Amino acid sequence: MSSMMLAAASGWLAVTMFAPPATGKVPRFQQLNMDQLSDAQKPLGEQIMKISSVGIGGPYNPLMRSPVLGQRLFDLFHYLRWETSVPIKLNELAILIIGRQWRSQVEWFAHAPLAAKAGLSADIIAELKEGKRPSKMAEDEAVVYDFVTELTTTQKVSDETYARAKKAFNDQQIVDLTAVAGNYVMVAMVLAMAEETVPPGKEPPFKGGEK
């Protein structure tokens, strides 16, 4: 395991520390731990516990209910996080853009620290959190912001934005950037459906009245 993976893993509380929604509702998916996994789930659970920053938390808790799907998505997550051709700072920026669009408490809570560690400025992270287009981005950061935002909000990429992307990135990077954005929309959907939340004692990044 790389030092980056170890650092990410050490930054999270143990999976059993994840709490039910703050409303006090019964969790839609009871939190699983390794002792509760079936024979079909255990191989995936063991892989998750080795490299995931949330253990069997976040999206992994509901995905464990469909272990074949979970395994295939786990392999995709691995590529899009650790083997992607997109520089990690820009990859994390793309993830934060999706996390903010969806107001995904878990995505933002997990990835804002990773983005900061990867070199994304505190000002950019703060403005993103406020729902603003960051005012002081380098050109490659601005391209990521505009490309991902345009694609996810208008369902297309203009010729102008695509031309900027072609100057900043090669073909593989453009495809990988598109894939990481789409992947984290799916992750945000799973988290929203399952009502997964942040660890107890931690402030949710987004308050109830925010848009």
# chains A, B, ... in the order shown; residues from 1 in each chain; ligands from 1
$ residues_around --residues "A:Glu141" --least-positions-apart "4" --cutoff "10 Å" --atoms "only C-alpha atoms" --output "JSON, numbers by chain"
{"A": [89, 90, 91, 93, 94, 120, 124, 134, 136, 137, 145, 146, 147, 168]}
$ select_by_dssp --residues "stretch 10-187 of chain A" --states "alpha helix (DSSP H)" --output "PyMOL selection string"
chain A and resi 10+42-51+60-63+67-78+88-101+105-117+122-129+139-154+159-168+171-187
$ atom_distance --atom1 "atom CA of A:Gln173" --atom2 "atom CA of A:Pro87"
8.8 Å
$ atom_distance --atom1 "atom CA of A:Lys129" --atom2 "atom CA of A:Gly58"
19.7 Å
$ residues_around --residues "stretch 32-38 of chain A" --least-positions-apart "3" --cutoff "7 Å" --atoms "only C-alpha atoms" --output "list in words"
Thr16, Gln41, Lys42, Gly45, Ile56 and Asn61 of chain A
$ residues_around --residues "A:Ile48" --least-positions-apart "6" --cutoff "9 Å" --atoms "only C-alpha atoms" --output "PyMOL selection string"
chain A and resi 54-56+60+74
$ write_last_selection --atoms "C-alpha atoms" --output "compact mmCIF listing (two decimals), in the first residue's frame"
# COMPACT_ATOMS: atom_id res chain seq x y z
CA VAL A 54 -13.64 5.09 5.41
CA GLY A 55 -13.36 1.34 5.93
CA ILE A 56 -16.78 -0.22 5.30
CA TYR A 60 -19.11 0.95 0.86
CA PHE A 74 -14.20 -0.97 -5.93
$ residues_around --residues "A:Asp159" --least-positions-apart "6" --cutoff "12 Å" --atoms "only C-alpha atoms" --output "NGL selection string"
:A and (147 or 150-151 or 165-166)
$ write_last_selection --atoms "N, CA and C atoms" --output "compact mmCIF listing (two decimals), in the first residue's frame"
# COMPACT_ATOMS: atom_id res chain seq x y z
N PHE A 147 -15.01 22.60 -17.17
CA PHE A 147 -15.33 21.37 -17.89
C PHE A 147 -16.33 20.53 -17.10
N GLU A 150 -19.75 22.47 -16.53
CA GLU A 150 -20.53 22.55 -17.77
C GLU A 150 -21.14 21.21 -18.12
N LEU A 151 -20.34 20.16 -18.02
CA LEU A 151 -20.82 18.83 -18.38
C LEU A 151 -21.95 18.36 -17.47
N ALA A 165 -9.66 22.43 -22.69
CA ALA A 165 -9.27 21.15 -22.08
C ALA A 165 -8.18 20.47 -22.89
N LYS A 166 -8.27 20.56 -24.23
CA LYS A 166 -7.26 19.93 -25.09
C LYS A 166 -5.89 20.59 -24.94
$ closest_residue --among "A:Ile98, A:Ala40, A:Ala110, A:Val144" --to "A:Pro204" --atoms "only C-alpha atoms"
A:Ala110
$ closest_residue --among "A:Ile88, A:Val68, A:Ile95, A:Met49" --to "A:Met186" --atoms "only C-alpha atoms"
A:Ile95
$ residues_around --residues "A:Glu107" --least-positions-apart "2" --cutoff "9 Å" --atoms "only C-alpha atoms" --output "list of chain:residue names"
A:Gly58, A:Ile95, A:Leu96, A:Ile98, A:Gly99, A:Arg100, A:Arg103, A:Ser104, A:Gln105, A:Phe109, A:Ala110, A:His111, A:Ala112, A:Tyr184, A:Val187, A:Ala188, A:Leu191
$ atom_distance --atom1 "atom CA of A:Glu92" --atom2 "atom CA of A:Gln172"
17.0 Å
